[in-house]
>>> print(open('entry31.cif').read())   # mmCIF, C-alpha atoms
data_start
loop_
_atom_site.label_atom_id
_atom_site.label_comp_id
_atom_site.auth_asym_id
_atom_site.auth_seq_id
_atom_site.Cartn_x
_atom_site.Cartn_y
_atom_site.Cartn_z
CA MET A 21 -71.39 -44.26 128.81
CA ALA A 22 -70.10 -43.45 125.33
CA PHE A 23 -68.53 -39.99 125.10
CA ASP A 24 -68.06 -37.77 122.07
CA PHE A 25 -64.41 -37.25 123.02
CA ASP A 26 -61.83 -38.84 125.27
CA LEU A 27 -60.40 -35.39 126.07
CA PHE A 28 -61.97 -31.98 125.63
CA VAL A 29 -59.53 -29.08 126.07
CA ILE A 30 -60.82 -25.58 126.83
CA GLY A 31 -58.21 -23.10 125.67
CA ALA A 32 -55.73 -23.31 122.77
CA GLY A 33 -52.76 -21.71 124.50
CA SER A 34 -49.38 -23.35 124.89
CA GLY A 35 -50.44 -25.87 127.55
CA GLY A 36 -53.78 -26.75 125.99
CA VAL A 37 -52.36 -27.26 122.52
CA ARG A 38 -49.51 -29.41 123.83
CA ALA A 39 -51.90 -31.63 125.80
CA ALA A 40 -54.30 -31.94 122.86
CA ARG A 41 -51.65 -32.74 120.26
CA PHE A 42 -49.92 -35.42 122.28
CA ALA A 43 -53.15 -36.96 123.56
CA ALA A 44 -54.29 -37.28 119.95
CA GLY A 45 -50.90 -38.74 119.05
CA PHE A 46 -51.40 -41.35 121.77
CA GLY A 47 -54.65 -42.39 120.09
CA ALA A 48 -57.20 -40.35 122.03
CA LYS A 49 -60.15 -38.61 120.40
CA VAL A 50 -59.58 -34.95 121.25
CA ALA A 51 -61.33 -31.60 120.81
CA VAL A 52 -60.06 -28.11 121.56
CA ALA A 53 -62.26 -25.04 121.97
CA GLU A 54 -60.82 -21.52 121.71
CA SER A 55 -62.80 -18.27 121.70
CA ARG A 56 -59.99 -15.81 121.01
CA TYR A 57 -56.68 -16.62 119.34
CA LEU A 58 -54.69 -19.76 118.77
CA GLY A 59 -51.47 -19.88 120.76
CA GLY A 60 -52.87 -18.11 123.80
CA THR A 61 -51.26 -15.23 125.67
CA CYS A 62 -47.66 -16.15 124.84
CA VAL A 63 -48.01 -16.11 121.07
CA ASN A 64 -50.46 -13.23 120.75
CA VAL A 65 -50.08 -10.75 123.62
CA GLY A 66 -47.20 -12.13 125.65
CA CYS A 67 -43.68 -13.44 125.31
CA VAL A 68 -43.43 -13.64 121.51
CA PRO A 69 -44.58 -10.13 120.49
CA LYS A 70 -42.92 -8.69 123.60
CA LYS A 71 -39.56 -10.20 122.59
CA LEU A 72 -39.97 -8.77 119.08
CA LEU A 73 -40.53 -5.32 120.57
CA VAL A 74 -37.53 -5.80 122.86
CA TYR A 75 -35.41 -6.55 119.78
CA GLY A 76 -36.72 -3.35 118.22
CA ALA A 77 -35.89 -1.29 121.30
CA HIS A 78 -32.40 -2.82 121.49
CA VAL A 79 -31.51 -1.47 118.04
CA ALA A 80 -31.05 1.93 119.70
CA ASP A 81 -28.21 0.44 121.77
CA GLU A 82 -26.54 -0.99 118.69
CA LEU A 83 -26.72 2.37 116.94
CA GLU A 84 -25.23 4.11 119.96
CA GLN A 85 -22.35 1.63 120.11
CA ALA A 86 -21.62 1.72 116.37
CA ALA A 87 -19.39 4.81 116.45
CA GLY A 88 -16.87 3.06 118.69
CA PHE A 89 -16.39 0.44 115.99
CA GLY A 90 -15.81 2.98 113.24
CA TRP A 91 -19.31 3.24 111.83
CA THR A 92 -20.66 6.65 110.85
CA LEU A 93 -24.44 6.51 110.62
CA GLU A 94 -27.01 9.05 109.63
CA GLU A 95 -29.52 9.92 112.33
CA GLY A 96 -31.93 7.02 112.60
CA HIS A 97 -35.72 7.27 112.47
CA PHE A 98 -38.01 4.78 114.16
CA ASP A 99 -41.51 4.04 112.81
CA TRP A 100 -43.83 2.35 115.32
CA GLY A 101 -46.38 1.47 112.65
CA THR A 102 -43.86 -0.57 110.68
CA LEU A 103 -42.75 -2.52 113.74
CA ILE A 104 -46.35 -3.32 114.77
CA ALA A 105 -47.37 -4.31 111.22
CA ASN A 106 -44.40 -6.65 110.92
CA LYS A 107 -45.14 -8.04 114.38
CA ASN A 108 -48.77 -8.66 113.43
CA ARG A 109 -47.73 -10.51 110.31
CA GLU A 110 -45.47 -12.79 112.32
CA ILE A 111 -48.19 -13.49 114.89
CA GLU A 112 -50.63 -14.39 112.11
CA ARG A 113 -48.04 -16.83 110.75
CA LEU A 114 -47.71 -18.44 114.18
CA ASN A 115 -51.51 -18.64 114.53
CA GLY A 116 -51.54 -20.64 111.31
CA ILE A 117 -48.81 -22.93 112.58
CA TYR A 118 -50.78 -23.66 115.74
CA ARG A 119 -53.88 -24.38 113.66
CA ASN A 120 -51.94 -26.81 111.47
CA LEU A 121 -50.37 -28.50 114.49
CA LEU A 122 -53.82 -29.24 115.90
CA VAL A 123 -55.58 -30.22 112.69
CA ASN A 124 -52.70 -32.36 111.44
CA SER A 125 -52.68 -34.17 114.78
CA GLY A 126 -56.30 -35.18 114.25
CA VAL A 127 -57.69 -32.80 116.87
CA THR A 128 -61.17 -31.34 116.36
CA LEU A 129 -60.82 -27.55 116.57
CA LEU A 130 -63.90 -25.64 117.72
CA GLN A 131 -63.60 -21.85 117.51
CA GLY A 132 -66.04 -20.47 120.05
CA HIS A 133 -66.54 -19.92 123.77
CA ALA A 134 -66.71 -23.16 125.75
CA ARG A 135 -68.79 -23.39 128.91
CA LEU A 136 -69.02 -26.31 131.29
CA THR A 137 -72.57 -27.57 131.71
CA GLY A 138 -71.67 -30.61 133.78
CA ALA A 139 -68.81 -32.76 134.95
CA ASN A 140 -68.52 -34.37 131.49
CA GLU A 141 -70.37 -31.84 129.35
CA VAL A 142 -69.30 -28.74 127.44
CA GLU A 143 -71.35 -26.26 125.42
CA VAL A 144 -69.74 -24.33 122.56
CA ASP A 145 -71.95 -21.76 120.84
CA GLY A 146 -75.12 -23.74 121.48
CA GLN A 147 -73.64 -27.14 120.58
CA HIS A 148 -73.25 -29.70 123.36
CA TYR A 149 -70.38 -32.19 123.63
CA THR A 150 -69.50 -34.91 126.13
CA ALA A 151 -66.02 -36.00 127.15
CA GLU A 152 -64.53 -38.53 129.54
CA HIS A 153 -61.91 -35.97 130.57
CA ILE A 154 -62.08 -32.18 130.38
CA LEU A 155 -58.93 -30.06 130.62
CA ILE A 156 -59.20 -26.38 131.56
CA ALA A 157 -56.31 -24.38 130.10
CA THR A 158 -57.83 -20.91 129.80
CA GLY A 159 -54.82 -18.98 131.09
CA GLY A 160 -54.76 -15.60 132.76
CA TRP A 161 -55.91 -12.05 132.12
CA PRO A 162 -54.37 -8.71 133.16
CA GLN A 163 -56.16 -6.78 135.86
CA VAL A 164 -56.21 -3.08 136.69
CA PRO A 165 -56.97 -1.85 140.23
CA ASP A 166 -60.47 -0.52 140.76
CA ILE A 167 -59.68 3.21 140.79
CA PRO A 168 -61.54 6.16 139.22
CA GLY A 169 -60.54 6.34 135.56
CA LYS A 170 -59.29 2.75 135.31
CA GLU A 171 -60.96 2.48 131.90
CA LEU A 172 -58.49 5.09 130.59
CA ALA A 173 -55.51 2.82 131.29
CA ILE A 174 -54.21 0.04 129.05
CA THR A 175 -52.61 -3.35 129.77
CA SER A 176 -50.32 -5.64 127.81
CA ASN A 177 -53.37 -6.81 125.85
CA GLU A 178 -53.76 -3.38 124.26
CA ALA A 179 -50.12 -2.25 124.19
CA PHE A 180 -49.26 -4.50 121.25
CA TYR A 181 -51.91 -2.82 119.11
CA LEU A 182 -51.38 0.88 119.85
CA LYS A 183 -51.66 2.88 116.62
CA ASP A 184 -48.90 5.26 117.65
CA LEU A 185 -46.00 5.21 120.09
CA PRO A 186 -47.01 7.45 123.02
CA ARG A 187 -44.65 10.37 123.63
CA ARG A 188 -45.02 10.11 127.43
CA VAL A 189 -45.80 6.82 129.21
CA LEU A 190 -46.47 5.93 132.83
CA VAL A 191 -45.85 2.24 133.52
CA VAL A 192 -47.41 1.04 136.77
CA GLY A 193 -46.19 -2.14 138.44
CA GLY A 194 -43.16 -3.86 139.89
CA GLY A 195 -43.15 -7.26 138.23
CA TYR A 196 -41.28 -8.46 135.18
CA ILE A 197 -43.98 -7.29 132.72
CA ALA A 198 -43.79 -3.73 134.03
CA VAL A 199 -39.98 -3.70 133.90
CA GLU A 200 -39.92 -5.15 130.39
CA PHE A 201 -42.45 -2.72 128.95
CA ALA A 202 -40.78 0.24 130.62
CA GLY A 203 -37.61 -0.75 128.76
CA ILE A 204 -39.51 -1.21 125.49
CA PHE A 205 -41.23 2.16 125.61
CA GLN A 206 -38.08 4.00 126.65
CA GLY A 207 -35.87 2.17 124.16
CA LEU A 208 -38.19 3.08 121.30
CA GLY A 209 -38.09 6.75 122.24
CA ALA A 210 -40.95 7.41 124.67
CA ASP A 211 -40.39 9.49 127.81
CA THR A 212 -41.06 6.74 130.35
CA THR A 213 -41.70 6.64 134.09
CA LEU A 214 -42.02 3.41 136.08
CA LEU A 215 -44.19 3.70 139.20
CA HIS A 216 -44.12 0.96 141.84
CA ARG A 217 -45.87 1.02 145.19
CA GLY A 218 -43.04 -0.94 146.89
CA ASP A 219 -39.49 -0.05 147.84
CA LEU A 220 -37.94 -1.94 144.90
CA PHE A 221 -39.25 -3.87 141.90
CA LEU A 222 -38.99 -7.61 141.06
CA ARG A 223 -39.93 -9.00 144.45
CA GLY A 224 -38.77 -12.61 144.74
CA PHE A 225 -35.67 -12.12 142.61
CA ASP A 226 -32.19 -12.10 144.10
CA GLY A 227 -31.44 -8.88 145.99
CA SER A 228 -28.22 -8.23 144.07
CA VAL A 229 -30.09 -8.62 140.78
CA ARG A 230 -32.81 -6.18 141.82
CA THR A 231 -30.37 -3.54 143.00
CA HIS A 232 -28.06 -3.91 140.00
CA LEU A 233 -30.91 -3.60 137.50
CA LYS A 234 -32.19 -0.50 139.29
CA GLU A 235 -28.77 1.13 138.96
CA GLU A 236 -28.45 0.23 135.28
CA LEU A 237 -31.93 1.46 134.39
CA GLU A 238 -31.20 4.75 136.11
CA LYS A 239 -28.01 5.07 134.05
CA ARG A 240 -30.17 4.75 130.95
CA GLY A 241 -32.34 7.62 132.11
CA LEU A 242 -35.46 5.66 133.03
CA ASP A 243 -37.47 7.56 135.65
CA LEU A 244 -37.97 5.12 138.53
CA GLN A 245 -40.42 6.17 141.23
CA PHE A 246 -40.80 3.74 144.12
CA ASN A 247 -43.33 3.95 146.98
CA ALA A 248 -45.61 5.63 144.44
CA ASP A 249 -49.13 4.63 143.41
CA ILE A 250 -51.93 6.16 141.35
CA GLN A 251 -55.14 7.20 143.10
CA ARG A 252 -57.14 8.26 140.04
CA ILE A 253 -56.80 8.93 136.30
CA ASP A 254 -58.52 11.79 134.48
CA LYS A 255 -58.63 12.74 130.81
CA LEU A 256 -57.60 16.30 129.98
CA GLU A 257 -59.15 18.45 127.27
CA ASP A 258 -56.16 17.93 124.99
CA GLY A 259 -56.60 14.16 125.22
CA ARG A 260 -53.70 13.51 127.54
CA LEU A 261 -54.13 11.70 130.85
CA LYS A 262 -53.55 13.12 134.31
CA ALA A 263 -52.58 10.61 136.99
CA THR A 264 -53.09 11.80 140.55
CA LEU A 265 -50.83 9.91 142.94
CA LYS A 266 -51.71 8.94 146.49
CA ASP A 267 -49.11 11.40 147.76
CA GLY A 268 -50.93 14.23 145.96
CA ARG A 269 -48.55 14.66 143.03
CA GLU A 270 -49.91 14.87 139.49
CA LEU A 271 -48.26 13.35 136.43
CA VAL A 272 -49.41 13.95 132.86
CA ALA A 273 -48.88 11.36 130.13
CA ASP A 274 -50.25 10.16 126.81
CA CYS A 275 -50.57 6.59 128.06
CA VAL A 276 -50.94 4.88 131.44
CA PHE A 277 -49.89 1.24 131.20
CA TYR A 278 -50.79 -1.13 134.06
CA ALA A 279 -48.90 -4.34 134.81
CA THR A 280 -50.06 -4.99 138.36
CA GLY A 281 -50.89 -8.65 138.18
CA ARG A 282 -53.00 -11.18 136.32
CA ARG A 283 -56.06 -13.17 137.31
CA PRO A 284 -57.19 -16.62 136.20
CA MET A 285 -59.47 -16.44 133.16
CA LEU A 286 -62.64 -18.08 134.50
CA ASP A 287 -65.25 -15.75 132.98
CA ASN A 288 -68.47 -17.54 132.04
CA LEU A 289 -66.68 -20.89 132.27
CA GLY A 290 -69.55 -22.61 134.08
CA LEU A 291 -67.57 -23.88 137.04
CA GLU A 292 -70.73 -23.56 139.13
CA ASN A 293 -72.12 -26.53 137.17
CA THR A 294 -69.28 -28.76 138.34
CA GLY A 295 -67.55 -29.73 141.57
CA VAL A 296 -64.48 -27.67 140.71
CA GLU A 297 -63.22 -25.58 143.65
CA LEU A 298 -60.96 -22.53 143.74
CA ASP A 299 -58.12 -21.95 146.17
CA ALA A 300 -57.78 -18.95 148.49
CA ARG A 301 -56.21 -16.87 145.70
CA GLY A 302 -59.00 -17.58 143.22
CA TYR A 303 -57.13 -20.10 141.06
CA ILE A 304 -58.45 -23.57 140.24
CA ARG A 305 -57.45 -26.01 142.97
CA VAL A 306 -55.63 -29.08 141.64
CA ASP A 307 -53.59 -31.92 143.09
CA ASP A 308 -50.12 -33.04 141.99
CA GLN A 309 -51.60 -34.66 138.89
CA TYR A 310 -53.61 -31.54 137.89
CA GLN A 311 -56.86 -33.16 138.98
CA THR A 312 -59.48 -30.71 140.19
CA THR A 313 -62.01 -31.49 142.90
CA ALA A 314 -64.24 -32.81 140.10
CA PRO A 315 -62.78 -36.23 139.13
CA SER A 316 -63.33 -35.82 135.38
CA ILE A 317 -61.92 -32.28 135.14
CA LEU A 318 -58.25 -31.26 135.09
CA ALA A 319 -56.53 -27.88 134.85
CA ILE A 320 -53.04 -26.67 133.91
CA GLY A 321 -51.14 -23.47 133.18
CA ASP A 322 -51.74 -19.97 134.47
CA VAL A 323 -55.27 -20.84 135.56
CA ILE A 324 -53.88 -22.95 138.45
CA GLY A 325 -51.51 -20.19 139.59
CA ARG A 326 -48.35 -22.21 140.11
CA VAL A 327 -45.35 -21.20 137.98
CA GLN A 328 -46.86 -18.98 135.30
CA LEU A 329 -44.41 -19.54 132.46
CA THR A 330 -45.03 -20.90 128.97
CA PRO A 331 -42.50 -23.78 129.18
CA VAL A 332 -44.09 -24.84 132.48
CA ALA A 333 -47.55 -24.97 130.89
CA LEU A 334 -46.07 -27.04 128.06
CA ALA A 335 -44.57 -29.48 130.56
CA GLU A 336 -47.87 -29.70 132.46
CA GLY A 337 -49.78 -30.34 129.24
CA MET A 338 -47.39 -33.13 128.32
CA ALA A 339 -47.70 -34.65 131.80
CA VAL A 340 -51.50 -34.72 131.56
CA ALA A 341 -51.49 -36.31 128.09
CA ARG A 342 -49.04 -38.99 129.16
CA ARG A 343 -50.76 -39.82 132.44
CA LEU A 344 -54.17 -40.21 130.80
CA PHE A 345 -53.24 -41.91 127.55
CA LYS A 346 -49.61 -43.14 127.75
CA PRO A 347 -49.01 -43.85 131.45
CA GLU A 348 -45.82 -45.84 130.84
CA GLN A 349 -44.22 -42.55 129.66
CA TYR A 350 -45.59 -40.40 132.49
CA ARG A 351 -43.15 -38.25 134.45
CA PRO A 352 -44.21 -35.61 136.97
CA VAL A 353 -43.20 -32.02 136.29
CA ASP A 354 -40.15 -30.94 138.29
CA TYR A 355 -40.68 -27.36 139.48
CA GLN A 356 -37.19 -27.07 140.96
CA ASN A 357 -34.45 -25.09 139.20
CA ILE A 358 -36.60 -23.61 136.44
CA PRO A 359 -34.47 -21.18 134.39
CA THR A 360 -36.11 -17.79 133.94
CA ALA A 361 -35.34 -14.67 131.92
CA VAL A 362 -36.62 -11.12 132.25
CA PHE A 363 -36.18 -9.24 128.98
CA SER A 364 -35.45 -5.94 130.63
CA GLN A 365 -32.69 -3.76 129.25
CA PRO A 366 -30.23 -5.07 130.31
CA PRO A 367 -31.87 -8.51 130.62
CA ILE A 368 -31.91 -10.87 133.60
CA GLY A 369 -31.23 -14.60 133.61
CA THR A 370 -31.71 -16.64 136.77
CA VAL A 371 -31.97 -20.26 137.87
CA GLY A 372 -32.10 -21.88 141.30
CA LEU A 373 -32.21 -20.25 144.72
CA THR A 374 -31.64 -16.59 145.43
CA GLU A 375 -29.21 -15.72 148.20
CA GLU A 376 -32.16 -14.83 150.41
CA GLN A 377 -33.98 -18.11 149.70
CA ALA A 378 -30.84 -20.15 150.37
CA LEU A 379 -30.33 -18.50 153.75
CA GLU A 380 -34.00 -18.88 154.64
CA ALA A 381 -33.77 -22.59 153.78
CA GLY A 382 -30.97 -22.98 156.32
CA HIS A 383 -27.99 -23.31 153.99
CA LYS A 384 -24.57 -22.03 155.00
CA VAL A 385 -23.93 -19.91 151.96
CA GLN A 386 -20.91 -18.75 150.00
CA VAL A 387 -21.58 -15.99 147.48
CA PHE A 388 -19.41 -15.38 144.41
CA GLU A 389 -20.24 -12.11 142.69
CA SER A 390 -18.67 -10.25 139.78
CA ARG A 391 -19.48 -6.92 138.17
CA PHE A 392 -17.67 -5.93 134.99
CA ARG A 393 -17.95 -3.83 131.86
CA ALA A 394 -18.57 -6.08 128.88
CA MET A 395 -15.81 -6.30 126.27
CA LYS A 396 -18.15 -4.99 123.58
CA LEU A 397 -18.46 -1.69 125.44
CA THR A 398 -14.72 -1.04 125.87
CA LEU A 399 -14.56 0.86 122.56
CA THR A 400 -17.53 3.03 123.55
CA ASP A 401 -18.33 5.55 126.25
CA ILE A 402 -21.14 3.36 127.63
CA GLN A 403 -20.60 2.49 131.29
CA GLU A 404 -23.17 -0.32 131.67
CA LYS A 405 -21.97 -3.18 133.85
CA THR A 406 -22.86 -6.86 133.84
CA LEU A 407 -23.59 -8.73 137.08
CA MET A 408 -22.90 -12.44 137.56
CA LYS A 409 -23.54 -14.25 140.82
CA LEU A 410 -23.28 -17.78 142.17
CA VAL A 411 -24.91 -18.93 145.41
CA VAL A 412 -23.12 -22.00 146.78
CA ASP A 413 -23.78 -24.31 149.72
CA ALA A 414 -20.62 -23.96 151.83
CA GLN A 415 -20.94 -27.47 153.27
CA THR A 416 -21.68 -29.52 150.14
CA ASP A 417 -20.12 -27.19 147.51
CA LYS A 418 -23.33 -27.58 145.48
CA VAL A 419 -24.28 -24.58 143.36
CA LEU A 420 -27.71 -23.50 144.57
CA GLY A 421 -28.32 -20.52 142.29
CA CYS A 422 -26.96 -18.68 139.25
CA HIS A 423 -27.97 -15.10 138.51
CA MET A 424 -27.02 -12.65 135.77
CA VAL A 425 -27.90 -9.15 134.61
CA GLY A 426 -26.40 -8.27 131.26
CA PRO A 427 -26.48 -8.93 127.50
CA ASP A 428 -27.63 -12.42 126.48
CA ALA A 429 -28.45 -13.37 130.08
CA GLY A 430 -31.38 -15.52 128.99
CA GLU A 431 -29.27 -17.41 126.47
CA ILE A 432 -26.45 -18.02 128.96
CA ILE A 433 -28.65 -19.11 131.86
CA GLN A 434 -30.25 -21.94 129.85
CA GLY A 435 -27.04 -23.99 129.88
CA LEU A 436 -26.49 -23.29 133.56
CA GLY A 437 -30.00 -24.58 134.19
CA ILE A 438 -28.85 -27.99 132.97
CA ALA A 439 -25.85 -27.84 135.29
CA LEU A 440 -28.00 -27.08 138.33
CA LYS A 441 -30.51 -29.76 137.36
CA ALA A 442 -27.60 -32.21 137.30
CA GLY A 443 -26.46 -31.10 140.76
CA ALA A 444 -23.20 -29.42 139.74
CA THR A 445 -20.74 -28.29 142.41
CA LYS A 446 -18.64 -25.15 142.51
CA GLN A 447 -15.55 -27.30 141.97
CA GLN A 448 -17.08 -28.62 138.74
CA PHE A 449 -17.78 -25.04 137.65
CA ASP A 450 -14.15 -24.18 138.45
CA GLU A 451 -12.81 -27.17 136.52
CA THR A 452 -14.84 -26.29 133.42
CA ILE A 453 -12.73 -24.44 130.86
CA GLY A 454 -14.30 -21.19 129.77
CA VAL A 455 -15.04 -20.01 126.25
CA HIS A 456 -12.76 -17.00 125.68
CA PRO A 457 -13.38 -14.16 125.22
CA THR A 458 -17.01 -14.24 126.36
CA ALA A 459 -19.00 -12.89 129.25
CA ALA A 460 -20.24 -16.42 129.98
CA GLU A 461 -16.77 -17.60 131.01
CA GLU A 462 -17.05 -15.44 134.12
CA PHE A 463 -19.36 -18.09 135.59
CA VAL A 464 -16.49 -20.63 135.57
CA THR A 465 -13.68 -18.24 136.58
CA MET A 466 -15.07 -16.67 139.76
CA ARG A 467 -12.77 -17.88 142.53
CA THR A 468 -13.02 -15.36 145.36
CA VAL A 469 -15.86 -15.56 147.87
CA THR A 470 -17.60 -12.19 148.01
CA ARG A 471 -19.28 -12.93 151.32
#
>>> encode(input="entry31.cif", output="structure tokens")
Amino acid sequence: MAFDFDLFVIGAGSGGVRAARFAAGFGAKVAVAESRYLGGTCVNVGCVPKKLLVYGAHVADELEQAAGFGWTLEEGHFDWGTLIANKNREIERLNGIYRNLLVNSGVTLLQGHARLTGANEVEVDGQHYTAEHILIATGGWPQVPDIPGKELAITSNEAFYLKDLPRRVLVVGGGYIAVEFAGIFQGLGADTTLLHRGDLFLRGFDGSVRTHLKEELEKRGLDLQFNADIQRIDKLEDGRLKATLKDGRELVADCVFYATGRRPMLDNLGLENTGVELDARGYIRVDDQYQTTAPSILAIGDVIGRVQLTPVALAEGMAVARRLFKPEQYRPVDYQNIPTAVFSQPPIGTVGLTEEQALEAGHKVQVFESRFRAMKLTLTDIQEKTLMKLVVDAQTDKVLGCHMVGPDAGEIIQGLGIALKAGATKQQFDETIGVHPTAAEEFVTMRTVTR
């Protein structure tokens, strides 16, 4: 059978665009359908605009530290509208770049909602197309618990387009998105409370990291309320929102922001017309080569619910393109030792096993841990401390995990990710000469076992 396309990609996010571009570069005839915005969550309502807002919030720290270095500044004034307008302009620029990347690669770009009508058939706004291979890369979508008044809350999708900075914000959630946005809102001047139904946020991260970040956020005045959850939300006559907690307390705010998880974006996708199955969590079930239970259909990225990070989706997209159209270059994606950053304030950088994971895996563990006040703060009254931690296998000397909470943690952890990928030992860390004076050198100068 002759097909209209060799590969039809549904979703122009990071993973979908990468797969489409490289498949086209390998000689395949490729189409991409996108109903919302080019670049997906990351570019439009995820990591890129979030990092820009984090930069904006961090300016307050720089202003506070300036006096210690001899600077006398007039009282600053922050304008939310200016930040959002500048952010929007940058996102529009990136949308154009993504469009050019696709078009210049020879990919057919279809702007409309794509729906599967068969194992090799897709409908986009009434037009039908056939393809030998179909790749689902539709990403995820934030979800709010089904409580009375849920429609009054916002998610990350809406937060980037608020007309005004709320004076009082309730952030609900315990994952990295909740922690990051709590820091953004507070750093930009909003009175912010973070509510989490568990004992401590950032489940799955190293215990030392979680505890240290909690202490530092409390130093900054962020109101952290654990074992707390909202039962209902009501709108008051003055327009503010009243959140009634499950313990009976009532909190009033201008904005209730939910970051309590994301679901796979499968709405009106037409999976019922194919043999594609979902796993127990509701994500698309795939094998190690991203093949669904329908032989002609593949899926990558957040929609398969593995490691939901932009660079991982990019790697998966590349793997699919190579396997289908350039098999001699195919390499499976390695999900071990993926460096990760949380752009909290202060930020987190982490790669490899946590102390808890290492112990659970049966390793005899040595922990090297250091807490110190960064050199930049010594001329100020700010008492924030940086945490650095190494988790080492006591029998092989191999470094199993590196963890940091402090300025530039994401930048520093990238290089350590290479070291862990290469199987570096603690002795090799010790024999590496540090860059002085930097915070990063602490990773190669920790000599005393903490426990």
>>> resolve_selection(input="entry31.cif", expression="the PyMOL selection byres ((chain A and resi 318) around 12)", output="PyMOL selection string")
chain A and resi 27-30+36+39+139-140+152-158+294-297+304-317+319-321+323-324+336-337+339-341+343-344
>>> atom_distance(input="entry31.cif", atom1="CA of Ala378 in chain A", atom2="CA of Leu407 in chain A")
19.0 Å
>>> residues_around(input="entry31.cif", residues="range 217-220 of chain A", least_positions_apart="2", cutoff="6 Å", atoms="all atoms listed in the file", output="ChimeraX atom specification")
/A:246-249
>>> write_last_selection(input="entry31.cif", atoms="C-alpha atoms", output="short mmCIF file (atom, residue, chain, number, x, y, z; two decimals), in the frame of the given file")
data_model
loop_
_atom_site.label_atom_id
_atom_site.label_comp_id
_atom_site.auth_asym_id
_atom_site.auth_seq_id
_atom_site.Cartn_x
_atom_site.Cartn_y
_atom_site.Cartn_z
CA PHE A 246 -40.80 3.74 144.12
CA ASN A 247 -43.33 3.95 146.98
CA ALA A 248 -45.61 5.63 144.44
CA ASP A 249 -49.13 4.63 143.41
#
>>> residues_around(input="entry31.cif", residues="range 49-54 of chain A", least_positions_apart="4", cutoff="10 Å", atoms="all atoms listed in the file", output="PyMOL selection string")
chain A and resi 23-33+36-37+39-45+58-60+122+125-135+142-144+149+151+153-155+157-158
>>> write_last_selection(input="entry31.cif", atoms="C-alpha atoms", output="compact mmCIF listing (two decimals), in the coordinates of the input")
# COMPACT_ATOMS: atom_id res chain seq x y z
CA PHE A 23 -68.53 -39.99 125.10
CA ASP A 24 -68.06 -37.77 122.07
CA PHE A 25 -64.41 -37.25 123.02
CA ASP A 26 -61.83 -38.84 125.27
CA LEU A 27 -60.40 -35.39 126.07
CA PHE A 28 -61.97 -31.98 125.63
CA VAL A 29 -59.53 -29.08 126.07
CA ILE A 30 -60.82 -25.58 126.83
CA GLY A 31 -58.21 -23.10 125.67
CA ALA A 32 -55.73 -23.31 122.77
CA GLY A 33 -52.76 -21.71 124.50
CA GLY A 36 -53.78 -26.75 125.99
CA VAL A 37 -52.36 -27.26 122.52
CA ALA A 39 -51.90 -31.63 125.80
CA ALA A 40 -54.30 -31.94 122.86
CA ARG A 41 -51.65 -32.74 120.26
CA PHE A 42 -49.92 -35.42 122.28
CA ALA A 43 -53.15 -36.96 123.56
CA ALA A 44 -54.29 -37.28 119.95
CA GLY A 45 -50.90 -38.74 119.05
CA LEU A 58 -54.69 -19.76 118.77
CA GLY A 59 -51.47 -19.88 120.76
CA GLY A 60 -52.87 -18.11 123.80
CA LEU A 122 -53.82 -29.24 115.90
CA SER A 125 -52.68 -34.17 114.78
CA GLY A 126 -56.30 -35.18 114.25
CA VAL A 127 -57.69 -32.80 116.87
CA THR A 128 -61.17 -31.34 116.36
CA LEU A 129 -60.82 -27.55 116.57
CA LEU A 130 -63.90 -25.64 117.72
CA GLN A 131 -63.60 -21.85 117.51
CA GLY A 132 -66.04 -20.47 120.05
CA HIS A 133 -66.54 -19.92 123.77
CA ALA A 134 -66.71 -23.16 125.75
CA ARG A 135 -68.79 -23.39 128.91
CA VAL A 142 -69.30 -28.74 127.44
CA GLU A 143 -71.35 -26.26 125.42
CA VAL A 144 -69.74 -24.33 122.56
CA TYR A 149 -70.38 -32.19 123.63
CA ALA A 151 -66.02 -36.00 127.15
CA HIS A 153 -61.91 -35.97 130.57
CA ILE A 154 -62.08 -32.18 130.38
CA LEU A 155 -58.93 -30.06 130.62
CA ALA A 157 -56.31 -24.38 130.10
CA THR A 158 -57.83 -20.91 129.80
>>> resolve_selection(input="entry31.cif", expression="the PyMOL selection byres ((chain A and resi 196-206) around 8)", output="list in words")
Leu73, Val74, Ala77, Leu185, Val189, Val191, Val192, Gly193, Gly194, Gly195, Gly207, Leu208, Gly209, Ala210, Asp211, Thr212, Thr213, Leu214, Leu222, Leu242, Tyr278, Ala279, Thr280, Val362, Phe363, Ser364 and Gln365 of chain A
>>> write_last_selection(input="entry31.cif", atoms="C-alpha atoms", output="short mmCIF file (atom, residue, chain, number, x, y, z; two decimals), keeping the file's coordinate frame")
data_model
loop_
_atom_site.label_atom_id
_atom_site.label_comp_id
_atom_site.auth_asym_id
_atom_site.auth_seq_id
_atom_site.Cartn_x
_atom_site.Cartn_y
_atom_site.Cartn_z
CA LEU A 73 -40.53 -5.32 120.57
CA VAL A 74 -37.53 -5.80 122.86
CA ALA A 77 -35.89 -1.29 121.30
CA LEU A 185 -46.00 5.21 120.09
CA VAL A 189 -45.80 6.82 129.21
CA VAL A 191 -45.85 2.24 133.52
CA VAL A 192 -47.41 1.04 136.77
CA GLY A 193 -46.19 -2.14 138.44
CA GLY A 194 -43.16 -3.86 139.89
CA GLY A 195 -43.15 -7.26 138.23
CA GLY A 207 -35.87 2.17 124.16
CA LEU A 208 -38.19 3.08 121.30
CA GLY A 209 -38.09 6.75 122.24
CA ALA A 210 -40.95 7.41 124.67
CA ASP A 211 -40.39 9.49 127.81
CA THR A 212 -41.06 6.74 130.35
CA THR A 213 -41.70 6.64 134.09
CA LEU A 214 -42.02 3.41 136.08
CA LEU A 222 -38.99 -7.61 141.06
CA LEU A 242 -35.46 5.66 133.03
CA TYR A 278 -50.79 -1.13 134.06
CA ALA A 279 -48.90 -4.34 134.81
CA THR A 280 -50.06 -4.99 138.36
CA VAL A 362 -36.62 -11.12 132.25
CA PHE A 363 -36.18 -9.24 128.98
CA SER A 364 -35.45 -5.94 130.63
CA GLN A 365 -32.69 -3.76 129.25
#
